[in-house]
Amino acid sequence: MIYNLYIYNRSGTCIYYEEWNRKKPSANLAEEQKLMFGMLYSLKAFVTKTSPKPIDPQTGFHYYKTSTYKLHFYETPTCIKFIVLTDPHTPDLREELKKMYSQIFVEYVIKNPLYKLGTIVKCELFIQSLARFIRALPSFNS
């Protein structure tokens with residue numbers, strides 16, 4: 001089951017957030033978004049420093065799992081970060097996150113002449129296409 005999605009720009013600002021099957025609403029979404037980015041920043045640094053081998057950013061850290069959720073992570077070459085929280089039994093969504101970036105974000109946000117890089121995403125075609133893509137995933141309601 002997919003709970004929510006965060007997209008961050010390279011400076012750590014959450015430029016898009018959506019939730020679908022989240023059971024517990026956030027008391028303070030802005031604070032949660034900052035905590036999420038800080039936790040990811042720290043976790044990436046920890047994984048990089050403690051790994052016995054050099055970490056390739058494209059194949060390194062891409063998810064972690066707790067007893068209540070699984071965090072899926074994809075960072076683009078331009079440092080845009082996609083984070084999806086799911087049920088802990090959801091399979092790895094790395095390939096789906098790559099498609100979300102290349103087939104939806106690039107097409108409807110980056111190529112949109114009205115979009116200013118790094119700002120909050122409000123592109124209606126992006127929002128609609130993303131919703132269709134997420135809802136079509138086998139793990140959306142499982």
# chains A, B, ... in the order shown; residues from 1 in each chain; ligands from 1

call {"tool": "residues_around", "arguments": {"residues": "segment 124-130 of chain A", "least_positions_apart": "3", "cutoff": "10 Å", "atoms": "only C-alpha atoms", "output": "JSON, numbers by chain"}}
result
{"A": [16, 18, 100, 101, 103, 104, 105, 106, 107, 108, 109, 112, 121, 133, 134, 135, 136]}

call {"tool": "closest_residue", "arguments": {"among": "A:Met36, A:Ile15, A:Ala131, A:Ile83", "to": "Lys116 of chain A", "atoms": "only C-alpha atoms"}}
result
A:Ile15

call {"tool": "closest_residue", "arguments": {"among": "A:Lys24, A:Asp87, A:Asp92, A:Ile55", "to": "Asn141 of chain A", "atoms": "only C-alpha atoms"}}
result
A:Asp87

call {"tool": "residues_around", "arguments": {"residues": "Ala30 of chain A", "least_positions_apart": "2", "cutoff": "12 Å", "atoms": "only C-alpha atoms", "output": "list in words"}}
result
Tyr6, Thr13, Cys14, Ile15, Tyr16, Tyr17, Ser26, Ala27, Asn28, Glu32, Gln33, Lys34, Leu35, Met36 and Phe37 of chain A

call {"tool": "write_last_selection", "arguments": {"atoms": "N, CA, C and O atoms", "output": "PDB file, in the first residue's frame"}}
result
ATOM      1  N   TYR A   6       7.005  12.345  -1.477  1.00  0.00           N
ATOM      2  CA  TYR A   6       7.685  13.627  -1.312  1.00  0.00           C
ATOM      3  C   TYR A   6       8.629  13.797  -2.496  1.00  0.00           C
ATOM      4  O   TYR A   6       9.295  12.843  -2.885  1.00  0.00           O
ATOM      5  N   THR A  13      14.174  21.710  -0.374  1.00  0.00           N
ATOM      6  CA  THR A  13      12.797  22.201  -0.275  1.00  0.00           C
ATOM      7  C   THR A  13      11.859  21.165  -0.871  1.00  0.00           C
ATOM      8  O   THR A  13      12.097  20.661  -1.965  1.00  0.00           O
ATOM      9  N   CYS A  14      10.806  20.859  -0.154  1.00  0.00           N
ATOM     10  CA  CYS A  14       9.805  19.926  -0.674  1.00  0.00           C
ATOM     11  C   CYS A  14       8.993  20.673  -1.732  1.00  0.00           C
ATOM     12  O   CYS A  14       8.265  21.609  -1.426  1.00  0.00           O
ATOM     13  N   ILE A  15       9.149  20.237  -2.985  1.00  0.00           N
ATOM     14  CA  ILE A  15       8.468  20.932  -4.082  1.00  0.00           C
ATOM     15  C   ILE A  15       7.166  20.240  -4.480  1.00  0.00           C
ATOM     16  O   ILE A  15       6.384  20.795  -5.246  1.00  0.00           O
ATOM     17  N   TYR A  16       6.942  19.034  -3.940  1.00  0.00           N
ATOM     18  CA  TYR A  16       5.668  18.361  -4.193  1.00  0.00           C
ATOM     19  C   TYR A  16       5.441  17.331  -3.097  1.00  0.00           C
ATOM     20  O   TYR A  16       6.356  16.628  -2.677  1.00  0.00           O
ATOM     21  N   TYR A  17       4.192  17.264  -2.624  1.00  0.00           N
ATOM     22  CA  TYR A  17       3.788  16.273  -1.622  1.00  0.00           C
ATOM     23  C   TYR A  17       2.384  15.811  -1.958  1.00  0.00           C
ATOM     24  O   TYR A  17       1.519  16.606  -2.321  1.00  0.00           O
ATOM     25  N   SER A  26      -0.625  14.149   9.407  1.00  0.00           N
ATOM     26  CA  SER A  26       0.479  14.894   9.994  1.00  0.00           C
ATOM     27  C   SER A  26      -0.050  16.059  10.824  1.00  0.00           C
ATOM     28  O   SER A  26      -0.953  16.776  10.392  1.00  0.00           O
ATOM     29  N   ALA A  27       0.533  16.252  11.992  1.00  0.00           N
ATOM     30  CA  ALA A  27       0.154  17.390  12.828  1.00  0.00           C
ATOM     31  C   ALA A  27       0.735  18.684  12.263  1.00  0.00           C
ATOM     32  O   ALA A  27       0.134  19.743  12.383  1.00  0.00           O
ATOM     33  N   ASN A  28       1.910  18.579  11.627  1.00  0.00           N
ATOM     34  CA  ASN A  28       2.569  19.747  11.054  1.00  0.00           C
ATOM     35  C   ASN A  28       3.342  19.293   9.822  1.00  0.00           C
ATOM     36  O   ASN A  28       4.481  18.819   9.931  1.00  0.00           O
ATOM     37  N   GLU A  32       7.260  18.061   9.207  1.00  0.00           N
ATOM     38  CA  GLU A  32       7.493  16.679   8.773  1.00  0.00           C
ATOM     39  C   GLU A  32       8.366  16.638   7.519  1.00  0.00           C
ATOM     40  O   GLU A  32       9.263  15.806   7.398  1.00  0.00           O
ATOM     41  N   GLN A  33       8.108  17.548   6.589  1.00  0.00           N
ATOM     42  CA  GLN A  33       8.891  17.595   5.355  1.00  0.00           C
ATOM     43  C   GLN A  33      10.352  17.930   5.644  1.00  0.00           C
ATOM     44  O   GLN A  33      11.262  17.346   5.049  1.00  0.00           O
ATOM     45  N   LYS A  34      10.594  18.842   6.561  1.00  0.00           N
ATOM     46  CA  LYS A  34      11.970  19.184   6.935  1.00  0.00           C
ATOM     47  C   LYS A  34      12.649  18.014   7.642  1.00  0.00           C
ATOM     48  O   LYS A  34      13.823  17.718   7.387  1.00  0.00           O
ATOM     49  N   LEU A  35      11.918  17.342   8.521  1.00  0.00           N
ATOM     50  CA  LEU A  35      12.465  16.184   9.217  1.00  0.00           C
ATOM     51  C   LEU A  35      12.811  15.065   8.240  1.00  0.00           C
ATOM     52  O   LEU A  35      13.849  14.410   8.372  1.00  0.00           O
ATOM     53  N   MET A  36      11.952  14.848   7.261  1.00  0.00           N
ATOM     54  CA  MET A  36      12.192  13.805   6.267  1.00  0.00           C
ATOM     55  C   MET A  36      13.476  14.095   5.500  1.00  0.00           C
ATOM     56  O   MET A  36      14.317  13.215   5.322  1.00  0.00           O
ATOM     57  N   PHE A  37      13.642  15.326   5.045  1.00  0.00           N
ATOM     58  CA  PHE A  37      14.845  15.665   4.293  1.00  0.00           C
ATOM     59  C   PHE A  37      16.087  15.534   5.171  1.00  0.00           C
ATOM     60  O   PHE A  37      17.107  14.985   4.742  1.00  0.00           O
TER      61      PHE A  37
END

call {"tool": "select_by_dssp", "arguments": {"residues": "chain A", "states": "helix (DSSP H, G or I)", "output": "ChimeraX atom specification"}}
result
/A:29-50,94-110,124-136

call {"tool": "write_last_selection", "arguments": {"atoms": "N, CA and C atoms", "output": "short mmCIF file (atom, residue, chain, number, x, y, z; two decimals), in the first residue's frame"}}
result
data_model
loop_
_atom_site.label_atom_id
_atom_site.label_comp_id
_atom_site.auth_asym_id
_atom_site.auth_seq_id
_atom_site.Cartn_x
_atom_site.Cartn_y
_atom_site.Cartn_z
N LEU A 29 2.72 19.43 8.66
CA LEU A 29 3.30 18.91 7.42
C LEU A 29 4.63 19.57 7.08
N ALA A 30 4.73 20.88 7.24
CA ALA A 30 5.98 21.58 6.92
C ALA A 30 7.13 21.05 7.78
N GLU A 31 6.88 20.83 9.06
CA GLU A 31 7.92 20.28 9.94
C GLU A 31 8.27 18.85 9.55
N GLU A 32 7.26 18.06 9.21
CA GLU A 32 7.49 16.68 8.77
C GLU A 32 8.37 16.64 7.52
N GLN A 33 8.11 17.55 6.59
CA GLN A 33 8.89 17.60 5.35
C GLN A 33 10.35 17.93 5.64
N LYS A 34 10.59 18.84 6.56
CA LYS A 34 11.97 19.18 6.94
C LYS A 34 12.65 18.01 7.64
N LEU A 35 11.92 17.34 8.52
CA LEU A 35 12.46 16.18 9.22
C LEU A 35 12.81 15.07 8.24
N MET A 36 11.95 14.85 7.26
CA MET A 36 12.19 13.80 6.27
C MET A 36 13.48 14.10 5.50
N PHE A 37 13.64 15.33 5.05
CA PHE A 37 14.84 15.67 4.29
C PHE A 37 16.09 15.53 5.17
N GLY A 38 16.02 16.01 6.39
CA GLY A 38 17.16 15.91 7.30
C GLY A 38 17.53 14.47 7.60
N MET A 39 16.52 13.63 7.80
CA MET A 39 16.77 12.22 8.06
C MET A 39 17.43 11.56 6.85
N LEU A 40 16.94 11.87 5.65
CA LEU A 40 17.54 11.29 4.44
C LEU A 40 18.98 11.77 4.25
N TYR A 41 19.22 13.03 4.48
CA TYR A 41 20.56 13.58 4.36
C TYR A 41 21.51 12.84 5.30
N SER A 42 21.08 12.67 6.55
CA SER A 42 21.90 11.98 7.54
C SER A 42 22.08 10.51 7.20
N LEU A 43 21.02 9.87 6.78
CA LEU A 43 21.08 8.45 6.44
C LEU A 43 22.01 8.20 5.25
N LYS A 44 21.92 9.04 4.22
CA LYS A 44 22.83 8.90 3.08
C LYS A 44 24.28 9.08 3.51
N ALA A 45 24.54 10.06 4.36
CA ALA A 45 25.90 10.29 4.85
C ALA A 45 26.37 9.10 5.67
N PHE A 46 25.51 8.56 6.52
CA PHE A 46 25.86 7.41 7.34
C PHE A 46 26.19 6.19 6.48
N VAL A 47 25.34 5.90 5.50
CA VAL A 47 25.56 4.76 4.62
C VAL A 47 26.86 4.92 3.85
N THR A 48 27.13 6.11 3.36
CA THR A 48 28.35 6.37 2.60
C THR A 48 29.60 6.19 3.47
N LYS A 49 29.55 6.70 4.70
CA LYS A 49 30.72 6.64 5.57
C LYS A 49 30.96 5.25 6.15
N THR A 50 29.91 4.48 6.39
CA THR A 50 30.08 3.18 7.04
C THR A 50 30.19 2.02 6.06
N ARG A 94 12.21 1.08 -6.83
CA ARG A 94 13.26 1.88 -7.47
C ARG A 94 12.98 2.13 -8.95
N GLU A 95 12.61 1.10 -9.69
CA GLU A 95 12.34 1.27 -11.12
C GLU A 95 11.11 2.16 -11.35
N GLU A 96 10.11 2.04 -10.51
CA GLU A 96 8.92 2.88 -10.62
C GLU A 96 9.26 4.34 -10.33
N LEU A 97 10.14 4.58 -9.37
CA LEU A 97 10.56 5.95 -9.07
C LEU A 97 11.34 6.54 -10.25
N LYS A 98 12.16 5.73 -10.88
CA LYS A 98 12.89 6.20 -12.07
C LYS A 98 11.92 6.58 -13.19
N LYS A 99 10.88 5.75 -13.39
CA LYS A 99 9.87 6.04 -14.42
C LYS A 99 9.09 7.30 -14.05
N MET A 100 8.77 7.44 -12.76
CA MET A 100 8.05 8.63 -12.29
C MET A 100 8.84 9.89 -12.65
N TYR A 101 10.15 9.81 -12.47
CA TYR A 101 10.99 10.95 -12.82
C TYR A 101 11.06 11.15 -14.33
N SER A 102 11.50 10.13 -15.05
CA SER A 102 11.79 10.30 -16.48
C SER A 102 10.55 10.46 -17.35
N GLN A 103 9.47 9.76 -17.02
CA GLN A 103 8.29 9.78 -17.88
C GLN A 103 7.23 10.79 -17.45
N ILE A 104 7.25 11.20 -16.21
CA ILE A 104 6.20 12.12 -15.74
C ILE A 104 6.80 13.47 -15.32
N PHE A 105 7.75 13.45 -14.39
CA PHE A 105 8.32 14.71 -13.89
C PHE A 105 9.02 15.48 -15.00
N VAL A 106 9.88 14.82 -15.75
CA VAL A 106 10.60 15.50 -16.83
C VAL A 106 9.62 16.01 -17.87
N GLU A 107 8.67 15.17 -18.27
CA GLU A 107 7.74 15.54 -19.34
C GLU A 107 6.81 16.70 -18.97
N TYR A 108 6.27 16.67 -17.74
CA TYR A 108 5.24 17.64 -17.37
C TYR A 108 5.72 18.79 -16.48
N VAL A 109 6.91 18.66 -15.91
CA VAL A 109 7.42 19.73 -15.05
C VAL A 109 8.64 20.38 -15.69
N ILE A 110 9.69 19.61 -15.89
CA ILE A 110 10.94 20.17 -16.42
C ILE A 110 10.74 20.78 -17.81
N GLU A 124 -0.85 21.00 -13.42
CA GLU A 124 -2.01 20.12 -13.37
C GLU A 124 -1.80 18.81 -14.14
N LEU A 125 -1.17 18.88 -15.31
CA LEU A 125 -0.92 17.65 -16.08
C LEU A 125 0.00 16.71 -15.33
N PHE A 126 0.98 17.26 -14.63
CA PHE A 126 1.87 16.43 -13.80
C PHE A 126 1.07 15.75 -12.70
N ILE A 127 0.26 16.50 -11.98
CA ILE A 127 -0.51 15.97 -10.86
C ILE A 127 -1.45 14.86 -11.33
N GLN A 128 -2.13 15.07 -12.45
CA GLN A 128 -3.06 14.06 -12.99
C GLN A 128 -2.31 12.81 -13.46
N SER A 129 -1.22 13.01 -14.18
CA SER A 129 -0.45 11.86 -14.69
C SER A 129 0.18 11.07 -13.56
N LEU A 130 0.69 11.77 -12.56
CA LEU A 130 1.27 11.10 -11.40
C LEU A 130 0.21 10.28 -10.67
N ALA A 131 -0.96 10.85 -10.47
CA ALA A 131 -2.04 10.13 -9.78
C ALA A 131 -2.42 8.86 -10.55
N ARG A 132 -2.53 8.96 -11.87
CA ARG A 132 -2.84 7.77 -12.68
C ARG A 132 -1.74 6.72 -12.55
N PHE A 133 -0.49 7.16 -12.61
CA PHE A 133 0.65 6.25 -12.51
C PHE A 133 0.67 5.53 -11.16
N ILE A 134 0.53 6.28 -10.08
CA ILE A 134 0.56 5.70 -8.73
C ILE A 134 -0.60 4.73 -8.53
N ARG A 135 -1.80 5.14 -8.93
CA ARG A 135 -2.98 4.28 -8.72
C ARG A 135 -2.93 3.01 -9.56
N ALA A 136 -2.17 3.03 -10.65
CA ALA A 136 -2.05 1.86 -11.52
C ALA A 136 -1.00 0.86 -10.99
#

call {"tool": "residues_around", "arguments": {"residues": "Tyr3 of chain A", "least_positions_apart": "5", "cutoff": "12 Å", "atoms": "only C-alpha atoms", "output": "list in words"}}
result
Tyr17, Glu18, Glu19, Trp20, Asn21, Arg22, Lys23, Lys24, Pro25, Thr68, Tyr69, Lys70, Leu71, His72, Ile83, Val84, Leu85, Thr86, Asp87, Pro88, Thr90, Ile134, Arg135, Ser139, Phe140, Asn141 and Ser142 of chain A

call {"tool": "atom_distance", "arguments": {"atom1": "atom CA of Phe73 of chain A", "atom2": "atom CA of Lys122 of chain A"}}
result
22.0 Å

call {"tool": "atom_distance", "arguments": {"atom1": "atom CA of Phe61 of chain A", "atom2": "atom CA of Lys111 of chain A"}}
result
28.1 Å

call {"tool": "closest_residue", "arguments": {"among": "A:Pro54, A:Pro113, A:Pro138, A:Gly118", "to": "Lys81 of chain A", "atoms": "only C-alpha atoms"}}
result
A:Gly118

call {"tool": "select_by_dssp", "arguments": {"residues": "chain A", "states": "strand (DSSP E)", "output": "VMD selection string"}}
result
chain A and resid 2 to 8 14 to 19 63 to 65 70 to 75 81 to 86

call {"tool": "atom_distance", "arguments": {"atom1": "atom CA of Thr66 of chain A", "atom2": "atom CA of Ser51 of chain A"}}
result
20.2 Å
